[in-house]
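Engineer: Starting off with a structure, shown below.
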Amino acid sequence: MWFPGSFGALFGGRGEMGKVFAIVLTLITVISIAFFAMRTWWLPPNISTTGVAVDRQLEETLIGTGVLFLAGQLMLGCFAWTASDKTKGRKIKSFPGGATPLVTAAILVVGIEVFTLTFVGSKAWGAIYLTPADASALKIDVQAEQFAFYFRYPGPDGKFGGVHPEKIDDGSANYFGLDPANDEAARDDIVAASLVVPINRQIALTLHSKDVGHSFYVRELRVQQDFVPGLDIPLHFTAVQTGKYEIVCTQLCGLGHYNMKAYLEVKSEEDFEQWLKAQAGQ
């Protein structure tokens with residue numbers, strides 16, 4: 001039978017185990033830091049005007065927390081190494097003043113770092129979530145439900161039709177509960193399964209949830225916002241690169257959550273106008 005003592009004996013006793021732990025801990029720490037320093041498995045290219053500030057904030061956060069992580073792990077390894085010394089008659093050294101100054105210093109260092117990162121990042125956060133969209137922004141309604149996204153554009157009249165929750169019927173593709181028979185503004189509304197937008201133009205989304213909590217996440221935009229049932233939540237962005245990007249739900253919303261996604265298609269202004277006319281002509 002295998003006993004802890006046998007494992008210790010394998011490395012020459014408990015004292016050697018402390019040194020082995022210190023070495024392994026240091027290697028894991030250095031390798032972990034190297035992955036981040038070399039940007040392995042890094043972020044995809046940013047395609048939004050606000051993404052640059054978000055990426056800068058992320059890098060500053062990783063550097064700050066990385067330095068503290070490295071210092072903390074190396075100190076732990078150092079303590080494990082020194083504590084493994086079982087020399088007879090060795091005097092036990094204690095930290096000056098006991099543990100209180102060390103704990104206090106750690107709290108102050110971490111607290112100052114968190115406060116600094118929050119203060120520095122508030123501008124990037126505010127540009128996305130606190131600054132209202134421009135009056136000239138293209139307005140699009142987004143409906144989330146188990147397990148799909150739908151996007152509504154105002155038609156040629158530039159007005160959205162009224163929404164009637166009791167008229168929502170997926171079977172007849174009335175995902176927003178429109179009443180075109182009695183609401184003239186709703187007759188030319190355009191509903192699509194993909195979010196198609198023009199490049200270099202601000203997009204103002206209004207997020208609605210039909211049922212439970214969902215989330216709108218596009219990693220290339222550096223944007224993530226939850227849908228909350230019963231609330232209309234605004235979100236805006238400006239895409240600066242054409243292409244097709246995945247929109248995913250990051251809130252566990254049911255058994256089909258893993259497959260809940262749509263696509264953001266960023267087109268040139270001309271291509272977008274052609275797409276919009278084609279959709280209006282259907």
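In the structure tokens, chains take letters A, B, ... by order of appearance, with residues numbered from 1 within each chain and ligands from 1 in the order shown.
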Need to verify the contact set: Gly162 of chain A, 8 Å, only C-alpha atoms, exclusion of same-chain residues closer than 6 positions in sequence. Can you return it as a PyMOL selection string?

Structural biologist: chain A and resi 178-179+183+185-186

Engineer: Step one, run DSSP on the backbone; step two, keep only residues of segment 58-277 of chain A assigned to helix (DSSP H, G or I); then write them as an MDAnalysis selection string.

Structural biologist: chainID A and resid 58:83 99:129 165:167 170:172 184:186 219:221 257:259 269:277

Engineer: Considering only C-alpha atoms, state which residue in the set A:Tyr150, A:Phe119, A:Trp42, A:Phe227 is at the smallest distance from Gln251 of chain A.

Structural biologist: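 Using only C-alpha atoms, Gln251 of chain A sits closest to A:Phe227.
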
Engineer: Pick out the closest residue to Cys253 of chain A from this set: A:Gly213, A:Pro165, A:Pro154, A:Gly66. Count only C-alpha atoms.

Structural biologist: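 Answer, going by the shortest atom-to-atom distance: A:Gly213.
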
Engineer: Give me, as an NGL selection string, the residues of segment 16-255 of chain A that a backbone DSSP run labels strand (DSSP E or B).

Structural biologist: :A and (48 or 138-145 or 148-153 or 169 or 174 or 190-192 or 195-198 or 202-209 or 214-218 or 223-227 or 233-239 or 243-248)

Engineer: Per residue of segment 72-147 of chain A within 7 Å of segment 187-206 of chain A, what are the shortest atom pair and its distance in Å to one decimal, counting only C-alpha atoms, with rows by chain and residue number, as CSV?

Structural biologist:
residue,atom,partner,partner_atom,distance
A:Ala133,CA,A:Ala204,CA,6.1
A:Ala137,CA,A:Gln202,CA,4.9
A:Leu138,CA,A:Ile203,CA,4.9
A:Lys139,CA,A:Ala204,CA,4.8
A:Ile140,CA,A:Leu205,CA,5.0
A:Asp141,CA,A:Thr206,CA,4.9
A:Val142,CA,A:Thr206,CA,5.9

Engineer: How would the residues just picked look written out with N, CA and C atoms as a PDB file, in the first residue's frame?

Structural biologist:
ATOM      1  N   ALA A 133     -25.495  56.883 -27.794  1.00  0.00           N
ATOM      2  CA  ALA A 133     -25.195  56.815 -29.226  1.00  0.00           C
ATOM      3  C   ALA A 133     -25.501  58.152 -29.896  1.00  0.00           C
ATOM      4  N   ALA A 137     -26.864  57.640 -35.594  1.00  0.00           N
ATOM      5  CA  ALA A 137     -26.542  56.212 -35.590  1.00  0.00           C
ATOM      6  C   ALA A 137     -27.664  55.392 -36.229  1.00  0.00           C
ATOM      7  N   LEU A 138     -27.287  54.296 -36.864  1.00  0.00           N
ATOM      8  CA  LEU A 138     -28.264  53.383 -37.446  1.00  0.00           C
ATOM      9  C   LEU A 138     -28.891  52.564 -36.326  1.00  0.00           C
ATOM     10  N   LYS A 139     -30.194  52.656 -36.163  1.00  0.00           N
ATOM     11  CA  LYS A 139     -30.889  51.991 -35.055  1.00  0.00           C
ATOM     12  C   LYS A 139     -31.389  50.613 -35.490  1.00  0.00           C
ATOM     13  N   ILE A 140     -31.088  49.617 -34.667  1.00  0.00           N
ATOM     14  CA  ILE A 140     -31.476  48.232 -34.943  1.00  0.00           C
ATOM     15  C   ILE A 140     -31.983  47.599 -33.646  1.00  0.00           C
ATOM     16  N   ASP A 141     -33.124  46.936 -33.730  1.00  0.00           N
ATOM     17  CA  ASP A 141     -33.653  46.179 -32.603  1.00  0.00           C
ATOM     18  C   ASP A 141     -33.107  44.762 -32.643  1.00  0.00           C
ATOM     19  N   VAL A 142     -32.761  44.232 -31.458  1.00  0.00           N
ATOM     20  CA  VAL A 142     -32.257  42.863 -31.366  1.00  0.00           C
ATOM     21  C   VAL A 142     -33.145  42.077 -30.405  1.00  0.00           C
TER      22      VAL A 142
END

Engineer: Which residues of segment 118-172 of chain A come within 8 Å of segment 52-65 of chain A, and what is each one's closest atom pair and distance in Å (one decimal), counting only C-alpha atoms, sorted by chain and residue number, as a Markdown table?

Structural biologist:
| residue | atom | partner | partner_atom | distance |
| --- | --- | --- | --- | --- |
| A:Val120 | CA | A:Gln57 | CA | 7.6 |
| A:Gly121 | CA | A:Gln57 | CA | 5.9 |
| A:Ala124 | CA | A:Ala53 | CA | 5.5 |
| A:Trp125 | CA | A:Val54 | CA | 7.8 |

Engineer: Using only C-alpha atoms, determine which residues lie at most 12 Å from segment 257-267 of chain A, disregarding the query and same-chain residues fewer than 5 positions distant; provide the list as a ChimeraX atom specification.

Structural biologist: /A:47-48,142-151,192-203,212-221,237-252,272-276

Engineer: Would you compute the distance between atom CA of Gln73 of chain A and atom CA of Val24 of chain A? Give it in Å to one decimal.

Structural biologist: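 Those two atoms sit 10.9 Å apart.
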
Engineer: Within 9 Å of Phe21 of chain A, counting only C-alpha atoms, which residues show up once you throw out same-chain ones fewer than 4 positions away? Write them as a list in words, please.

Structural biologist: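 Answer for this query is Glu16, Met17, Leu25, Thr26, Gly77, Ala80 and Trp81 of chain A.
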
Engineer: Those residues you just picked out, can you put them in a file as a PDB file, in the first residue's frame with N, CA, C and O atoms?

Structural biologist:
ATOM      1  N   GLU A  16      13.227  17.373   1.553  1.00  0.00           N
ATOM      2  CA  GLU A  16      13.434  17.386   0.111  1.00  0.00           C
ATOM      3  C   GLU A  16      12.135  17.664  -0.637  1.00  0.00           C
ATOM      4  O   GLU A  16      12.136  18.269  -1.695  1.00  0.00           O
ATOM      5  N   MET A  17      11.023  17.208  -0.068  1.00  0.00           N
ATOM      6  CA  MET A  17       9.733  17.467  -0.702  1.00  0.00           C
ATOM      7  C   MET A  17       9.474  18.962  -0.812  1.00  0.00           C
ATOM      8  O   MET A  17       8.913  19.447  -1.794  1.00  0.00           O
ATOM      9  N   LEU A  25       6.872  24.584  -8.506  1.00  0.00           N
ATOM     10  CA  LEU A  25       6.070  25.808  -8.477  1.00  0.00           C
ATOM     11  C   LEU A  25       6.713  26.914  -9.312  1.00  0.00           C
ATOM     12  O   LEU A  25       6.032  27.612 -10.081  1.00  0.00           O
ATOM     13  N   THR A  26       8.022  27.053  -9.200  1.00  0.00           N
ATOM     14  CA  THR A  26       8.732  28.089  -9.960  1.00  0.00           C
ATOM     15  C   THR A  26       8.655  27.815 -11.458  1.00  0.00           C
ATOM     16  O   THR A  26       8.425  28.730 -12.264  1.00  0.00           O
ATOM     17  N   GLY A  77       7.417  29.877  -3.236  1.00  0.00           N
ATOM     18  CA  GLY A  77       8.483  28.911  -3.495  1.00  0.00           C
ATOM     19  C   GLY A  77       9.674  29.119  -2.579  1.00  0.00           C
ATOM     20  O   GLY A  77      10.276  28.152  -2.095  1.00  0.00           O
ATOM     21  N   ALA A  80       8.798  27.802   0.846  1.00  0.00           N
ATOM     22  CA  ALA A  80       8.805  26.338   0.857  1.00  0.00           C
ATOM     23  C   ALA A  80      10.243  25.806   0.869  1.00  0.00           C
ATOM     24  O   ALA A  80      10.556  24.813   1.534  1.00  0.00           O
ATOM     25  N   TRP A  81      11.142  26.474   0.128  1.00  0.00           N
ATOM     26  CA  TRP A  81      12.545  26.037   0.074  1.00  0.00           C
ATOM     27  C   TRP A  81      13.237  26.232   1.424  1.00  0.00           C
ATOM     28  O   TRP A  81      13.896  25.321   1.927  1.00  0.00           O
TER      29      TRP A  81
END
